[in-house]
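Okay, structure first, notes after.
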Amino acid sequence: MAREVQKFTQEAGYKPLENRCIIVKYAPENLSEQFAAFFNSEFYVLQMCEHEIVLLPFNTTWGNLCKDVSLVLPYGDIQSVELRDNLLNTVITIRTGSDTIRLTTQQAELSGLRSSGIYATIYAGFFKNWHKENLEGTLKALTELGNN
């Protein structure tokens, strides 16, 4: 895991789980939103922690990680997590008692050539793509949350 992700998560008061962070964006609802989202550069780190999921935003201008938490989702609030492949991405749908949160993450195979790989290597050096390395395990762990 990128040290900065772990450091920022800990500074915000959370206990990050090792190798349980990936790069995500909010998922568009329809084709029009998909077109607009293609040009949207608002990426986040989804970090699984001891008791919750947190989203840490990237600065859209400089591409560095912001020392901020934009979403905190306690595991106890999660009713289900579903994954669905959509072209080159995987859509993550998290349902709570009152909300549905849809995120999209770039699949591992091409992530080195896409934004997730670029953001992931900023903090780990250009030969280590922690998004790609963490993706399968993180998605599996997320789906298990909805089964508890």
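Chain lettering (A, B, ...) mirrors the order of the structure tokens, residue numbering begins at 1 for each chain separately, and ligand numbering begins at 1 in order of display.
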DSSP-assigned strand (DSSP E or B) members of range 59-113 of chain A, reported as a VMD selection string: chain A and resid 65 71 to 74 78 to 86 89 to 96 100 to 106
Surrounding residues of Val81 in chain A excluding itself and chain neighbours under 4 positions, 9 Å, only C-alpha atoms, as a PyMOL selection string: chain A and resi 92-95+142-147
Write the residues you've just listed into a file as a compact mmCIF listing (two decimals), in the first residue's frame, and include all heavy atoms for each of them.
# COMPACT_ATOMS: atom_id res chain seq x y z
N ILE A 92 -19.03 -0.93 -8.49
CA ILE A 92 -19.24 -1.38 -7.12
C ILE A 92 -20.49 -0.69 -6.60
O ILE A 92 -20.52 0.54 -6.50
CB ILE A 92 -18.04 -1.01 -6.22
CG1 ILE A 92 -16.73 -1.53 -6.81
CG2 ILE A 92 -18.26 -1.48 -4.79
CD1 ILE A 92 -15.48 -0.89 -6.22
N THR A 93 -21.52 -1.46 -6.27
CA THR A 93 -22.76 -0.89 -5.73
C THR A 93 -22.86 -1.29 -4.26
O THR A 93 -22.95 -2.48 -3.94
CB THR A 93 -24.00 -1.38 -6.50
OG1 THR A 93 -23.82 -1.05 -7.90
CG2 THR A 93 -25.27 -0.74 -5.99
N ILE A 94 -22.83 -0.29 -3.40
CA ILE A 94 -22.92 -0.51 -1.95
C ILE A 94 -24.27 0.01 -1.48
O ILE A 94 -24.60 1.17 -1.70
CB ILE A 94 -21.79 0.24 -1.20
CG1 ILE A 94 -20.42 -0.20 -1.74
CG2 ILE A 94 -21.90 0.01 0.31
CD1 ILE A 94 -19.26 0.63 -1.22
N ARG A 95 -25.05 -0.87 -0.86
CA ARG A 95 -26.37 -0.49 -0.36
C ARG A 95 -26.36 -0.47 1.16
O ARG A 95 -25.87 -1.38 1.80
CB ARG A 95 -27.45 -1.44 -0.87
CG ARG A 95 -27.71 -1.28 -2.35
CD ARG A 95 -28.92 -2.08 -2.82
NE ARG A 95 -29.21 -1.79 -4.21
CZ ARG A 95 -28.58 -2.33 -5.25
NH1 ARG A 95 -27.61 -3.18 -5.04
NH2 ARG A 95 -28.91 -2.00 -6.49
N LEU A 142 -14.75 -6.53 -0.11
CA LEU A 142 -15.96 -5.69 -0.13
C LEU A 142 -17.22 -6.53 -0.26
O LEU A 142 -18.20 -6.30 0.45
CB LEU A 142 -15.89 -4.69 -1.29
CG LEU A 142 -14.95 -3.49 -1.12
CD1 LEU A 142 -14.80 -2.74 -2.44
CD2 LEU A 142 -15.46 -2.57 -0.01
N THR A 143 -17.21 -7.53 -1.14
CA THR A 143 -18.40 -8.36 -1.32
C THR A 143 -18.71 -9.16 -0.06
O THR A 143 -19.88 -9.44 0.22
CB THR A 143 -18.28 -9.30 -2.53
OG1 THR A 143 -17.14 -10.16 -2.35
CG2 THR A 143 -18.16 -8.53 -3.82
N GLU A 144 -17.70 -9.51 0.70
CA GLU A 144 -17.94 -10.23 1.95
C GLU A 144 -18.60 -9.36 3.00
O GLU A 144 -19.28 -9.89 3.91
CB GLU A 144 -16.62 -10.81 2.46
CG GLU A 144 -16.09 -11.93 1.58
CD GLU A 144 -14.70 -12.37 1.93
OE1 GLU A 144 -14.06 -11.78 2.84
OE2 GLU A 144 -14.21 -13.31 1.26
N LEU A 145 -18.44 -8.05 2.91
CA LEU A 145 -19.09 -7.15 3.88
C LEU A 145 -20.60 -7.27 3.82
O LEU A 145 -21.27 -7.24 4.83
CB LEU A 145 -18.70 -5.69 3.61
CG LEU A 145 -17.28 -5.29 3.89
CD1 LEU A 145 -17.05 -3.84 3.48
CD2 LEU A 145 -16.95 -5.48 5.35
N GLY A 146 -21.15 -7.38 2.64
CA GLY A 146 -22.58 -7.47 2.48
C GLY A 146 -23.16 -8.80 2.93
O GLY A 146 -24.37 -8.94 3.08
N ASN A 147 -22.31 -9.79 3.16
CA ASN A 147 -22.78 -11.12 3.57
C ASN A 147 -22.80 -11.31 5.07
O ASN A 147 -23.20 -12.35 5.55
CB ASN A 147 -21.90 -12.21 2.93
CG ASN A 147 -22.04 -12.22 1.42
OD1 ASN A 147 -23.10 -11.93 0.89
ND2 ASN A 147 -20.96 -12.54 0.73
Please compute the CA of Cys66 in chain A-CA of Ala12 in chain A distance, one decimal, in Å. 11.4 Å
Which polymer residues have any atom within 8 Å of an atom of Thr9 in chain A, counting only C-alpha atoms, with same-chain residues fewer than 6 positions away left out, as a short mmCIF file (atom, residue, chain, number, x, y, z; two decimals) with N, CA and C atoms, in the first residue's frame?
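Heads up, here's the output in result-v5.cif:
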data_model
loop_
_atom_site.label_atom_id
_atom_site.label_comp_id
_atom_site.auth_asym_id
_atom_site.auth_seq_id
_atom_site.Cartn_x
_atom_site.Cartn_y
_atom_site.Cartn_z
N LYS A 15 -7.99 3.16 11.19
CA LYS A 15 -6.97 2.12 11.15
C LYS A 15 -7.06 1.38 9.81
N PRO A 16 -6.21 1.76 8.84
CA PRO A 16 -6.28 1.15 7.51
C PRO A 16 -5.85 -0.31 7.52
N GLN A 47 -10.31 3.16 0.84
CA GLN A 47 -9.47 2.48 1.82
C GLN A 47 -10.36 1.74 2.81
N LEU A 56 -10.69 8.86 0.23
CA LEU A 56 -9.74 9.97 0.29
C LEU A 56 -9.63 10.55 -1.11
#
From the list A:Asn86, A:Thr96, A:Asn59, A:Gln6, the nearest residue to Pro28 in chain A using only C-alpha atoms is A:Asn86
